[in-house]
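What's in work-v4.txt: compact mmCIF, C-alpha atoms
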# COMPACT_ATOMS: atom_id res chain seq x y z
CA MET A 1 25.54 -10.49 -0.13
CA PRO A 2 23.45 -9.56 -3.18
CA LEU A 3 21.86 -12.99 -2.82
CA VAL A 4 20.75 -12.26 0.72
CA LEU A 5 19.38 -8.90 -0.43
CA LEU A 6 17.42 -10.58 -3.21
CA LEU A 7 16.13 -13.24 -0.84
CA PHE A 8 14.89 -10.60 1.61
CA LEU A 9 13.24 -8.65 -1.23
CA ILE A 10 11.40 -11.71 -2.54
CA VAL A 11 10.20 -12.64 0.93
CA GLU A 12 9.12 -9.05 1.60
CA LEU A 13 7.16 -8.75 -1.65
CA THR A 14 5.57 -12.19 -1.84
CA VAL A 15 5.09 -13.59 1.65
CA LEU A 16 4.99 -10.69 4.05
CA ASP A 17 2.51 -8.56 2.12
CA ARG A 18 -0.16 -11.06 3.26
CA LEU A 19 0.77 -10.72 6.89
CA ARG A 20 -1.14 -7.91 8.53
CA VAL A 21 -1.59 -7.28 12.23
CA PHE A 22 -3.79 -4.30 13.13
CA GLY A 23 -3.39 -3.12 9.55
CA ALA A 24 0.40 -3.12 9.77
CA GLY A 25 2.90 -5.55 8.34
CA PRO A 26 6.53 -6.41 9.02
CA ASP A 27 9.35 -4.66 7.19
CA ILE A 28 12.32 -6.95 6.74
CA MET A 29 14.22 -4.58 4.46
CA LEU A 30 14.54 -2.28 7.47
CA LEU A 31 15.53 -5.33 9.49
CA LEU A 32 18.29 -6.03 6.97
CA ALA A 33 19.71 -2.53 7.46
CA VAL A 34 19.64 -2.90 11.26
CA VAL A 35 21.21 -6.36 11.23
CA ALA A 36 23.91 -5.26 8.80
CA GLY A 37 24.76 -2.45 11.21
CA ILE A 38 24.94 -4.85 14.15
CA VAL A 39 27.07 -7.40 12.33
CA GLY A 40 29.29 -5.28 10.11
CA GLY A 41 29.51 -1.89 11.78
CA PRO A 42 28.63 1.54 10.41
CA ARG A 43 30.19 1.05 6.95
CA VAL A 44 28.34 -2.16 6.10
CA GLY A 45 25.19 -0.89 7.81
CA ALA A 46 25.07 2.26 5.72
CA LEU A 47 25.89 0.48 2.45
CA LEU A 48 23.51 -2.41 2.88
CA GLY A 49 20.79 -0.12 4.27
CA PHE A 50 21.11 2.04 1.19
CA ALA A 51 20.96 -0.97 -1.14
CA ALA A 52 17.97 -2.49 0.68
CA GLY A 53 16.15 0.84 0.62
CA ILE A 54 16.70 1.55 -3.04
CA VAL A 55 15.47 -1.86 -4.23
CA LEU A 56 12.40 -1.57 -2.00
CA ASP A 57 11.74 1.90 -3.40
CA LEU A 58 11.43 0.38 -6.85
CA PHE A 59 8.21 -1.29 -5.72
CA LEU A 60 6.65 1.57 -3.80
CA GLU A 61 4.78 4.69 -4.85
CA THR A 62 6.51 6.95 -2.34
CA PRO A 63 9.33 9.07 -3.82
CA MET A 64 12.27 7.02 -5.06
CA GLY A 65 15.22 7.09 -2.64
CA LEU A 66 13.17 7.75 0.49
CA SER A 67 13.65 4.31 2.02
CA ALA A 68 17.28 4.35 0.86
CA LEU A 69 17.95 7.56 2.79
CA VAL A 70 16.23 6.35 5.96
CA PHE A 71 17.61 2.80 5.94
CA CYS A 72 21.19 3.91 5.29
CA LEU A 73 21.07 6.32 8.23
CA VAL A 74 19.51 3.64 10.45
CA GLY A 75 22.19 1.11 9.43
CA TYR A 76 24.93 3.63 10.11
CA ALA A 77 23.51 4.65 13.48
CA VAL A 78 23.07 1.06 14.64
CA GLY A 79 26.59 0.24 13.49
CA SER A 80 28.09 3.16 15.36
CA ILE A 81 26.24 2.43 18.59
CA GLN A 82 26.90 -1.29 18.45
CA GLY A 83 30.64 -0.62 18.31
CA GLY A 84 30.60 0.43 21.97
CA VAL A 85 28.50 -2.47 23.27
CA LEU A 86 29.75 -5.88 24.33
CA ARG A 87 28.27 -8.70 22.31
CA ALA A 88 28.16 -11.07 25.28
CA ALA A 89 24.45 -11.00 26.02
CA TRP A 90 22.21 -12.72 23.48
CA TRP A 91 19.33 -10.33 23.98
CA ILE A 92 21.24 -7.17 23.15
CA PRO A 93 20.88 -7.51 19.35
CA ILE A 94 17.16 -8.26 19.77
CA VAL A 95 16.53 -5.18 21.87
CA THR A 96 18.67 -3.13 19.49
CA THR A 97 16.60 -4.39 16.56
CA PHE A 98 13.34 -3.50 18.28
CA VAL A 99 14.44 0.02 19.18
CA ALA A 100 16.07 0.65 15.79
CA SER A 101 13.04 -0.64 13.87
CA VAL A 102 10.62 1.54 15.80
CA ALA A 103 12.92 4.54 15.36
CA GLY A 104 13.33 3.71 11.66
CA VAL A 105 9.58 3.67 11.00
CA LEU A 106 9.03 6.94 12.86
CA PHE A 107 11.97 8.53 11.06
CA TYR A 108 10.64 7.31 7.71
CA ALA A 109 7.29 8.99 8.38
CA MET A 110 9.07 12.19 9.38
CA VAL A 111 11.23 12.33 6.25
CA ALA A 112 8.23 11.45 4.08
CA THR A 113 6.34 14.38 5.56
CA VAL A 114 9.25 16.68 4.79
CA VAL A 115 9.37 15.63 1.11
CA GLY A 116 5.66 16.24 0.68
CA GLN A 117 3.91 13.00 1.63
CA PRO A 118 1.52 14.01 4.37
CA HIS A 119 -1.05 11.55 5.86
CA LEU A 120 1.71 9.40 7.34
CA VAL A 121 1.93 10.97 10.75
CA THR A 122 -1.25 9.68 12.41
CA THR A 123 -2.03 7.64 15.50
CA HIS A 124 -1.89 4.57 13.28
CA LEU A 125 1.82 5.30 12.79
CA PHE A 126 2.57 4.16 16.34
CA VAL A 127 0.72 0.89 15.79
CA VAL A 128 2.78 0.34 12.64
CA ALA A 129 6.03 1.16 14.44
CA THR A 130 5.24 -1.25 17.29
CA VAL A 131 4.23 -4.11 14.99
CA VAL A 132 7.31 -3.67 12.81
CA GLY A 133 9.52 -3.46 15.92
CA ILE A 134 8.14 -6.62 17.53
CA PHE A 135 8.20 -8.66 14.33
CA ASN A 136 11.72 -7.58 13.42
CA ALA A 137 12.95 -8.32 16.93
CA LEU A 138 11.49 -11.84 16.70
CA VAL A 139 13.14 -12.55 13.36
CA ALA A 140 16.41 -10.81 14.28
CA PRO A 141 18.32 -13.92 15.51
CA PHE A 142 17.79 -15.71 12.17
CA ALA A 143 18.59 -12.63 10.11
CA LEU A 144 21.72 -12.07 12.21
CA ARG A 145 22.98 -15.55 11.51
CA LEU A 146 22.25 -15.21 7.80
CA VAL A 147 23.92 -11.84 7.40
CA ARG A 148 26.91 -12.81 9.55
CA TRP A 149 27.41 -15.85 7.37
CA SER A 150 27.10 -13.92 4.14
CA ILE A 151 29.60 -11.18 5.01
CA ALA A 152 31.96 -13.36 7.04
CA GLY A 153 34.53 -13.56 4.22
CA PRO A 154 35.36 -10.09 2.90
CA GLU A 155 34.38 -8.14 6.03
CA ARG A 156 36.13 -10.21 8.68
CA ALA A 157 38.73 -7.49 9.05
CA TYR A 158 36.12 -5.03 10.27
CA VAL A 159 34.19 -7.26 12.64
CA MET B 1 44.78 7.89 15.02
CA ALA B 2 43.82 4.82 13.04
CA VAL B 3 40.42 4.70 14.73
CA TYR B 4 39.91 8.35 13.94
CA ARG B 5 40.85 7.78 10.30
CA ARG B 6 38.43 4.91 9.94
CA SER B 7 35.50 6.78 11.45
CA THR B 8 36.04 9.76 9.14
CA ARG B 9 36.05 7.42 6.19
CA HIS B 10 32.77 5.92 7.43
CA ARG B 11 31.35 9.37 7.77
CA PHE B 12 32.43 10.25 4.25
CA LEU B 13 30.67 7.15 2.92
CA LEU B 14 27.54 7.99 4.89
CA ILE B 15 27.47 11.55 3.56
CA LEU B 16 27.93 10.22 0.05
CA LEU B 17 25.01 7.80 0.43
CA VAL B 18 22.77 10.43 2.02
CA LEU B 19 23.48 12.89 -0.76
CA THR B 20 22.78 10.21 -3.37
CA SER B 21 19.42 9.43 -1.74
CA ILE B 22 18.47 13.07 -1.58
CA THR B 23 19.40 13.53 -5.23
CA VAL B 24 17.30 10.55 -6.24
CA ILE B 25 14.34 11.79 -4.16
CA THR B 26 14.63 15.24 -5.73
CA VAL B 27 14.83 13.86 -9.27
CA ASP B 28 11.78 11.68 -8.64
CA VAL B 29 9.64 14.33 -6.95
CA ARG B 30 10.54 17.09 -9.42
CA GLY B 31 10.43 14.83 -12.46
CA GLY B 32 6.67 14.29 -12.06
CA GLY B 33 5.27 11.22 -13.79
CA GLY B 34 7.39 10.64 -16.87
CA GLY B 35 10.94 10.83 -15.54
CA ALA B 36 13.76 8.35 -15.71
CA MET B 37 12.80 6.95 -12.29
CA GLU B 38 9.43 5.94 -13.71
CA SER B 39 11.02 3.79 -16.42
CA ILE B 40 13.47 2.22 -13.96
CA ARG B 41 10.58 1.29 -11.71
CA ARG B 42 8.63 -0.16 -14.61
CA GLY B 43 11.60 -2.30 -15.61
CA ALA B 44 12.05 -3.57 -12.05
CA ARG B 45 8.38 -4.47 -11.69
CA ASP B 46 8.25 -6.31 -15.00
CA ALA B 47 11.41 -8.20 -14.13
CA PHE B 48 9.93 -9.16 -10.79
CA ALA B 49 6.53 -10.24 -12.16
CA PRO B 50 7.51 -13.85 -13.02
CA VAL B 51 9.24 -14.28 -9.63
CA GLN B 52 6.11 -13.09 -7.91
CA SER B 53 3.86 -15.43 -9.90
CA THR B 54 6.06 -18.41 -9.10
CA ALA B 55 6.22 -17.52 -5.42
CA ASP B 56 2.44 -17.10 -5.35
CA ASP B 57 1.96 -20.52 -6.89
CA VAL B 58 4.10 -22.01 -4.14
CA ILE B 59 2.73 -20.00 -1.26
CA ASN B 60 -0.99 -19.92 -2.05
CA PRO B 61 -1.70 -23.61 -1.38
CA VAL B 62 0.30 -23.42 1.85
CA SER B 63 -1.40 -20.32 3.17
CA ASP B 64 -4.81 -21.60 2.02
CA PHE B 65 -4.16 -24.82 3.91
CA PHE B 66 -3.29 -23.03 7.13
CA GLY B 67 -6.05 -20.51 6.62
CA GLY B 68 -8.54 -23.35 6.17
CA LEU B 69 -7.20 -25.15 9.21
CA PHE B 70 -7.61 -22.20 11.52
CA ARG B 71 -10.97 -21.11 10.16
CA TYR B 72 -12.68 -24.44 9.61
CA GLY B 73 -15.65 -23.64 11.82
CA HIS B 74 -15.96 -20.24 10.25
CA LEU B 75 -15.88 -21.68 6.72
CA LYS B 76 -18.56 -24.20 7.59
CA SER B 77 -20.96 -21.60 8.94
CA GLU B 78 -20.13 -19.29 6.04
CA ASN B 79 -20.93 -22.07 3.59
CA ALA B 80 -24.33 -22.63 5.20
CA ARG B 81 -25.03 -18.92 5.17
CA LEU B 82 -24.03 -18.61 1.52
CA ARG B 83 -26.33 -21.48 0.56
CA ARG B 84 -29.23 -19.72 2.23
CA GLN B 85 -28.31 -16.48 0.49
CA LEU B 86 -28.05 -18.22 -2.87
CA ALA B 87 -31.56 -19.60 -2.50
CA ASP B 88 -32.84 -16.14 -1.62
CA ALA B 89 -30.92 -14.60 -4.49
CA ARG B 90 -32.36 -17.06 -7.01
CA GLY B 91 -35.82 -15.96 -5.99
CA THR B 92 -34.86 -12.32 -6.20
CA VAL B 93 -33.37 -12.75 -9.65
CA ASN B 94 -36.60 -14.19 -10.96
CA ALA B 95 -38.56 -11.35 -9.49
CA SER B 96 -36.16 -8.66 -10.63
CA THR B 97 -35.98 -9.51 -14.33
CA ASN B 98 -38.86 -7.23 -15.01
CA ALA B 99 -37.49 -4.47 -12.81
CA GLU B 100 -34.15 -4.74 -14.59
CA ARG B 101 -35.79 -4.25 -17.99
CA GLU B 102 -37.55 -1.17 -16.67
CA ARG B 103 -34.30 0.15 -15.22
CA GLN B 104 -32.51 -0.30 -18.54
CA GLU B 105 -35.25 1.68 -20.26
CA LEU B 106 -35.05 4.44 -17.69
CA LEU B 107 -31.28 4.57 -18.00
CA ALA B 108 -31.50 4.91 -21.77
CA LEU B 109 -34.13 7.57 -21.26
CA GLN B 110 -32.07 9.68 -18.91
CA LYS B 111 -28.77 9.02 -20.70
CA LEU B 112 -27.17 8.13 -17.40
CA SER B 113 -23.93 6.37 -18.14
CA PHE B 114 -22.83 3.95 -15.45
CA ALA B 115 -20.08 1.56 -16.37
CA GLY B 116 -22.40 -0.05 -18.95
CA ASP B 117 -21.02 1.66 -22.02
CA ILE B 118 -17.43 2.16 -20.80
CA PRO B 119 -15.04 -0.55 -22.02
CA ALA B 120 -13.38 -2.42 -19.17
CA VAL B 121 -10.42 -4.74 -18.68
CA ALA B 122 -10.74 -7.57 -16.17
CA ALA B 123 -7.66 -8.27 -14.10
CA ARG B 124 -6.61 -10.33 -11.14
CA VAL B 125 -5.15 -8.96 -7.93
CA VAL B 126 -1.73 -10.58 -7.53
CA ALA B 127 -0.17 -8.72 -4.61
CA THR B 128 -0.86 -6.19 -1.93
CA SER B 129 1.42 -3.38 -0.85
CA PRO B 130 4.72 -4.20 0.81
CA SER B 131 4.60 -0.85 2.61
CA ASN B 132 2.77 0.07 5.79
CA PHE B 133 2.13 3.53 4.47
CA GLN B 134 0.29 3.01 1.22
CA LEU B 135 -2.87 1.07 0.60
CA THR B 136 -2.38 -0.37 -2.85
CA VAL B 137 -2.82 -3.64 -4.70
CA GLU B 138 -1.14 -4.90 -7.85
CA ILE B 139 -3.02 -6.42 -10.76
CA ASP B 140 -1.73 -8.69 -13.53
CA ARG B 141 -2.56 -6.47 -16.51
CA GLY B 142 -0.58 -3.47 -17.73
CA LEU B 143 0.08 -1.14 -20.62
CA PRO B 144 -0.67 -3.68 -23.39
CA ALA B 145 -4.25 -4.00 -22.07
CA GLY B 146 -4.73 -0.25 -22.53
CA ILE B 147 -4.47 0.63 -18.86
CA GLN B 148 -3.33 4.18 -18.15
CA LYS B 149 -2.57 6.13 -15.01
CA GLY B 150 -5.68 7.60 -13.40
CA MET B 151 -8.20 5.06 -14.65
CA PRO B 152 -10.95 4.02 -12.22
CA VAL B 153 -11.02 0.45 -10.92
CA VAL B 154 -14.27 -1.26 -9.89
CA THR B 155 -15.77 -4.60 -8.96
CA GLY B 156 -19.37 -5.64 -9.40
CA ALA B 157 -20.13 -4.03 -6.06
CA GLY B 158 -18.63 -0.61 -6.73
CA LEU B 159 -15.53 1.53 -6.72
CA VAL B 160 -12.20 0.02 -5.64
CA GLY B 161 -9.74 2.81 -6.42
CA LYS B 162 -7.70 4.19 -9.25
CA VAL B 163 -4.58 3.24 -11.19
CA VAL B 164 -1.47 5.08 -9.96
CA ALA B 165 1.31 3.24 -11.82
CA VAL B 166 1.45 1.00 -14.89
CA SER B 167 4.20 -1.17 -16.33
CA GLN B 168 4.13 -3.78 -19.10
CA GLU B 169 2.85 -6.59 -16.90
CA ARG B 170 1.55 -4.92 -13.77
CA ALA B 171 -0.54 -2.00 -12.65
CA THR B 172 -0.71 -0.54 -9.16
CA ILE B 173 -4.08 0.52 -7.78
CA LEU B 174 -4.52 3.01 -4.98
CA LEU B 175 -7.42 1.83 -2.82
CA LEU B 176 -10.12 4.32 -1.91
CA THR B 177 -9.29 3.91 1.79
CA ASP B 178 -5.76 5.31 1.29
CA PRO B 179 -5.44 8.66 3.07
CA SER B 180 -4.33 10.36 -0.15
CA PHE B 181 -7.45 9.23 -2.04
CA ASN B 182 -10.24 11.71 -2.83
CA VAL B 183 -13.43 11.22 -4.80
CA GLY B 184 -16.34 13.55 -5.60
CA ILE B 185 -19.57 11.92 -4.45
CA ARG B 186 -23.31 12.37 -4.83
CA LEU B 187 -25.85 11.25 -2.24
CA SER B 188 -28.33 9.09 -4.07
CA ALA B 189 -31.46 10.27 -2.24
CA SER B 190 -30.97 14.03 -2.08
CA GLY B 191 -28.58 14.47 -5.00
CA ASP B 192 -26.33 16.67 -2.89
CA VAL B 193 -22.62 16.46 -3.66
CA GLY B 194 -19.52 16.22 -1.44
CA VAL B 195 -15.99 14.92 -1.37
CA ALA B 196 -15.09 11.60 0.28
CA ARG B 197 -11.53 10.90 1.35
CA GLY B 198 -9.73 7.77 2.49
CA ASN B 199 -8.92 7.35 6.15
CA GLY B 200 -6.96 4.11 6.41
CA THR B 201 -7.70 0.39 6.38
CA ARG B 202 -11.11 -0.63 7.68
CA GLU B 203 -11.90 2.96 8.62
CA PRO B 204 -15.04 4.65 7.26
CA LEU B 205 -14.49 7.44 4.73
CA PRO B 206 -15.32 10.95 5.95
CA VAL B 207 -17.31 13.08 3.50
CA ASP B 208 -16.65 16.81 3.34
CA LEU B 209 -18.75 19.67 1.99
CA VAL B 210 -22.19 18.16 2.60
CA ASP B 211 -24.67 20.97 3.22
CA VAL B 212 -26.17 21.29 6.71
CA GLY B 213 -29.70 21.39 5.28
CA THR B 214 -29.41 18.14 3.38
CA LYS B 215 -31.26 15.18 4.79
CA VAL B 216 -28.89 12.22 4.97
CA THR B 217 -30.20 8.82 6.03
CA GLY B 218 -28.12 5.90 7.32
CA GLY B 219 -27.52 3.20 4.70
CA GLU B 220 -28.11 5.59 1.83
CA VAL B 221 -26.02 4.69 -1.21
CA VAL B 222 -23.39 7.16 -2.34
CA VAL B 223 -22.21 7.27 -5.97
CA SER B 224 -19.42 9.14 -7.77
CA SER B 225 -20.58 12.57 -8.86
CA GLY B 226 -18.66 12.81 -12.14
CA LEU B 227 -18.80 16.59 -12.05
CA GLN B 228 -16.82 18.48 -14.66
CA GLY B 229 -13.15 17.49 -14.63
CA SER B 230 -13.78 14.77 -12.09
CA ALA B 231 -11.38 11.81 -11.95
CA PHE B 232 -14.26 9.29 -12.11
CA PRO B 233 -17.23 8.80 -14.40
CA PRO B 234 -20.60 9.57 -12.77
CA GLY B 235 -22.75 6.94 -11.10
CA ILE B 236 -20.20 4.41 -9.80
CA PRO B 237 -21.49 3.16 -6.44
CA ILE B 238 -18.95 3.93 -3.72
CA GLY B 239 -20.38 3.30 -0.29
CA LYS B 240 -23.24 3.39 2.16
CA VAL B 241 -23.75 6.15 4.69
CA ARG B 242 -22.65 4.96 8.12
CA SER B 243 -23.38 8.04 10.15
CA ALA B 244 -24.44 11.62 9.65
CA LYS B 245 -24.72 14.43 12.15
CA VAL B 246 -24.60 18.19 12.25
CA PRO B 247 -22.14 19.50 14.82
CA PRO B 248 -23.28 22.73 16.49
CA ALA B 249 -22.17 25.91 14.70
CA SER B 250 -20.69 24.01 11.75
CA LEU B 251 -21.09 24.83 8.08
CA GLN B 252 -21.07 21.22 6.94
CA GLN B 253 -22.43 17.89 8.08
CA GLU B 254 -20.22 15.18 9.51
CA VAL B 255 -20.97 12.27 7.20
CA THR B 256 -19.04 9.01 7.03
CA ILE B 257 -19.48 6.18 4.55
CA ASP B 258 -18.47 2.51 4.45
CA PRO B 259 -17.10 1.25 1.11
CA LEU B 260 -19.42 -1.20 -0.69
CA VAL B 261 -16.50 -3.32 -1.83
CA ASP B 262 -14.78 -5.59 0.68
CA LEU B 263 -11.26 -4.30 0.08
CA SER B 264 -9.60 -6.95 2.22
CA ARG B 265 -10.77 -9.72 -0.10
CA LEU B 266 -10.18 -8.40 -3.57
CA ASP B 267 -9.65 -11.04 -6.21
CA PHE B 268 -10.90 -9.95 -9.61
CA VAL B 269 -11.35 -6.31 -10.52
CA LYS B 270 -12.21 -4.35 -13.64
CA VAL B 271 -10.27 -1.35 -14.88
CA LEU B 272 -12.53 1.09 -16.70
CA ILE B 273 -10.81 2.35 -19.84
CA TRP B 274 -11.82 5.89 -19.06
CA THR B 275 -9.79 9.04 -18.50
CA PRO B 276 -11.16 12.43 -17.50
CA LYS B 277 -12.18 14.49 -20.53
CA GLU B 278 -9.97 17.50 -21.02
CA THR B 279 -12.46 19.32 -23.21
CA THR B 280 -15.30 20.99 -21.41
CA PRO B 281 -18.16 22.80 -23.15

Output the file's structure in the form of structure tokens.
Amino acid sequence: MPLVLLLFLIVELTVLDRLRVFGAGPDIMLLLAVVAGIVGGPRVGALLGFAAGIVLDLFLETPMGLSALVFCLVGYAVGSIQGGVLRAAWWIPIVTTFVASVAGVLFYAMVATVVGQPHLVTTHLFVVATVVGIFNALVAPFALRLVRWSIAGPERAYV
Amino acid sequence: MAVYRRSTRHRFLLILLVLTSITVITVDVRGGGGGAMESIRRGARDAFAPVQSTADDVINPVSDFFGGLFRYGHLKSENARLRRQLADARGTVNASTNAERERQELLALQKLSFAGDIPAVAARVVATSPSNFQLTVEIDRGLPAGIQKGMPVVTGAGLVGKVVAVSQERATILLLTDPSFNVGIRLSASGDVGVARGNGTREPLPVDLVDVGTKVTGGEVVVSSGLQGSAFPPGIPIGKVRSAKVPPASLQQEVTIDPLVDLSRLDFVKVLIWTPKETTP
């Protein structure tokens, strides 16, 4: 699991910072939180979301712990909702990822505003949320497989 | 019952994590610049620096290849255009040698200090921001090179931004288009001052506090004002006026400027070893 986290971090910081669509880039650390929620339920979602957020925070200028707070709540929420949904349809995780990613970005901006980082809530925010949502939804199937594989052992009891 | 038990335990974990996050946020925000969080971040960035360099070495050729593939026609026409420009520039250089000598004399005469006498550290841009909400770049020089928080960063064309974080091997630069960026400016023709602020990627910078009576012309160069206590030394070129108009019944003009530096293609930058002077006469 820490390996997957590290892999996502490296990809986020080295490859994805070049990728910009309408001035917005993908956010796969948020994706990791969402996918962990889908695969492992609320407990894994919250834990992994927190871990993903805190390592990302190390490389940002926004207050430390901000992403951790947002991502852990997103992971938990996705995990709780996913518990009541059948996993039969292949598109359900993709749609879930899209909705959760958009919500996560908007929530992040809201919390940032509360802790004294204005300038985030602008019209550009919606562009960012949409781009992050679409990208994360596209990558979701691969991330799902990866995360499911990595937590298959110890967490089988919960899945 | 079992289901109920499990969900309360989940909730307990969630509350624990949320409280931890909030504590960390509070410590960081209240701790200002020199807290424990700062040193943790520095450590993480230094540890990550070699990974990033290696990844860049692997990725750059690949992305250059694809970039070249998709933009072949563009590169060809750009090459032709650059050749023409180079020829023009050679001519201009010959003609401007004399003008340059005169300018140097005038500068010495007026004791205007543009970057000339400020020591500078050259650095390479190694990464852009991983976040959608901050416009920053990372450079490959840090504390050992004498870089400190708050130092201005320029290229040959003009202002790029300022240093907001430094570690041993990296420094983070806030670009002047970031919405939290402010800089005191002076219009080069009229000498009137104002404050320019960032407005997001590829957006022009709005300028506040320009007097209604001031005559502002399009394309006019705007430089940093360097007024007392300013975060930048005077005379660094910042941008060109894009538009200026006086809205009815307003106390200030609506002026916007375009940055002189192409911020989407930064490669080498210079950090001016300059911090605002605390002592004022």

How close does each residue of chain A get to chain B, giving the shortest atom pair and distance in Å to one decimal for every residue with an atom at most 9 Å away, counting only C-alpha atoms, sorted by chain and residue number, as a Markdown table?
| residue | atom | partner | partner_atom | distance |
| --- | --- | --- | --- | --- |
| A:Ile10 | CA | B:Gln52 | CA | 7.7 |
| A:Val11 | CA | B:Ala55 | CA | 8.9 |
| A:Glu12 | CA | B:Pro130 | CA | 6.6 |
| A:Leu13 | CA | B:Pro130 | CA | 5.7 |
| A:Thr14 | CA | B:Gln52 | CA | 6.2 |
| A:Val15 | CA | B:Ile59 | CA | 7.4 |
| A:Leu16 | CA | B:Pro130 | CA | 7.3 |
| A:Asp17 | CA | B:Pro130 | CA | 5.1 |
| A:Arg18 | CA | B:Thr128 | CA | 7.2 |
| A:Gly23 | CA | B:Thr201 | CA | 6.4 |
| A:Ala24 | CA | B:Asn132 | CA | 5.6 |
| A:Gly25 | CA | B:Asn132 | CA | 6.2 |
| A:Pro26 | CA | B:Asn132 | CA | 8.2 |
| A:Asp27 | CA | B:Ser131 | CA | 7.6 |
| A:Pro42 | CA | B:His10 | CA | 6.7 |
| A:Arg43 | CA | B:His10 | CA | 5.5 |
| A:Ala46 | CA | B:Leu14 | CA | 6.3 |
| A:Leu47 | CA | B:Leu17 | CA | 7.6 |
| A:Phe50 | CA | B:Leu17 | CA | 7.0 |
| A:Ile54 | CA | B:Ser21 | CA | 8.4 |
| A:Val55 | CA | B:Ala44 | CA | 8.7 |
| A:Leu56 | CA | B:Pro130 | CA | 8.6 |
| A:Asp57 | CA | B:Arg41 | CA | 8.4 |
| A:Leu58 | CA | B:Arg41 | CA | 5.0 |
| A:Phe59 | CA | B:Arg45 | CA | 6.8 |
| A:Leu60 | CA | B:Ser131 | CA | 7.2 |
| A:Glu61 | CA | B:Gln134 | CA | 7.7 |
| A:Thr62 | CA | B:Gln134 | CA | 8.2 |
| A:Pro63 | CA | B:Ile25 | CA | 5.7 |
| A:Met64 | CA | B:Ile25 | CA | 5.3 |
| A:Gly65 | CA | B:Ser21 | CA | 4.9 |
| A:Leu66 | CA | B:Ile25 | CA | 6.3 |
| A:Ser67 | CA | B:Ser21 | CA | 8.6 |
| A:Ala68 | CA | B:Ser21 | CA | 6.1 |
| A:Leu69 | CA | B:Ser21 | CA | 5.1 |
| A:Val70 | CA | B:Val18 | CA | 8.7 |
| A:Cys72 | CA | B:Leu17 | CA | 7.3 |
| A:Leu73 | CA | B:Leu14 | CA | 7.5 |
| A:Tyr76 | CA | B:Leu14 | CA | 7.3 |
| A:Ala109 | CA | B:Phe133 | CA | 8.5 |
| A:Val115 | CA | B:Val29 | CA | 8.2 |
| A:Gly116 | CA | B:Val29 | CA | 8.8 |
| A:Gln117 | CA | B:Ser180 | CA | 8.8 |
| A:Pro118 | CA | B:Ser180 | CA | 8.2 |
| A:His119 | CA | B:Pro179 | CA | 6.0 |
| A:Leu120 | CA | B:Phe133 | CA | 6.5 |
| A:His124 | CA | B:Gly200 | CA | 8.6 |
| A:Leu125 | CA | B:Phe133 | CA | 8.5 |
| A:Val128 | CA | B:Asn132 | CA | 6.9 |

Give me a file of those residues, with C-alpha atoms, as a compact mmCIF listing (two decimals), keeping the file's coordinate frame.
# COMPACT_ATOMS: atom_id res chain seq x y z
CA ILE A 10 11.40 -11.71 -2.54
CA VAL A 11 10.20 -12.64 0.93
CA GLU A 12 9.12 -9.05 1.60
CA LEU A 13 7.16 -8.75 -1.65
CA THR A 14 5.57 -12.19 -1.84
CA VAL A 15 5.09 -13.59 1.65
CA LEU A 16 4.99 -10.69 4.05
CA ASP A 17 2.51 -8.56 2.12
CA ARG A 18 -0.16 -11.06 3.26
CA GLY A 23 -3.39 -3.12 9.55
CA ALA A 24 0.40 -3.12 9.77
CA GLY A 25 2.90 -5.55 8.34
CA PRO A 26 6.53 -6.41 9.02
CA ASP A 27 9.35 -4.66 7.19
CA PRO A 42 28.63 1.54 10.41
CA ARG A 43 30.19 1.05 6.95
CA ALA A 46 25.07 2.26 5.72
CA LEU A 47 25.89 0.48 2.45
CA PHE A 50 21.11 2.04 1.19
CA ILE A 54 16.70 1.55 -3.04
CA VAL A 55 15.47 -1.86 -4.23
CA LEU A 56 12.40 -1.57 -2.00
CA ASP A 57 11.74 1.90 -3.40
CA LEU A 58 11.43 0.38 -6.85
CA PHE A 59 8.21 -1.29 -5.72
CA LEU A 60 6.65 1.57 -3.80
CA GLU A 61 4.78 4.69 -4.85
CA THR A 62 6.51 6.95 -2.34
CA PRO A 63 9.33 9.07 -3.82
CA MET A 64 12.27 7.02 -5.06
CA GLY A 65 15.22 7.09 -2.64
CA LEU A 66 13.17 7.75 0.49
CA SER A 67 13.65 4.31 2.02
CA ALA A 68 17.28 4.35 0.86
CA LEU A 69 17.95 7.56 2.79
CA VAL A 70 16.23 6.35 5.96
CA CYS A 72 21.19 3.91 5.29
CA LEU A 73 21.07 6.32 8.23
CA TYR A 76 24.93 3.63 10.11
CA ALA A 109 7.29 8.99 8.38
CA VAL A 115 9.37 15.63 1.11
CA GLY A 116 5.66 16.24 0.68
CA GLN A 117 3.91 13.00 1.63
CA PRO A 118 1.52 14.01 4.37
CA HIS A 119 -1.05 11.55 5.86
CA LEU A 120 1.71 9.40 7.34
CA HIS A 124 -1.89 4.57 13.28
CA LEU A 125 1.82 5.30 12.79
CA VAL A 128 2.78 0.34 12.64

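Closest approach to A:Leu5 among A:Ile38, A:Val127, A:Leu31, A:Val102 is made by A:Leu31 (distances from all atoms listed in the file).
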
Selection near stretch 130-138 of chain A, 10 Å with only C-alpha atoms, sequence-local residues under 2 positions removed, as a PyMOL selection string: (chain A and resi 20-32+34-35+91+93-105+125-128+140-143) or (chain B and resi 132)

Atom CA of A:Ile92 to atom CA of A:Gly45, distance in Å rounded to a single decimal: 17.0 Å

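In this structure, atom CA of B:Glu203 sits 23.0 Å away from atom CA of A:Tyr108.
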
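In terms of minimum interatomic distance to A:Leu106, A:Thr123 ranks closest within A:Thr123, A:Leu3, A:Ala33, A:Trp149, counting only C-alpha atoms.
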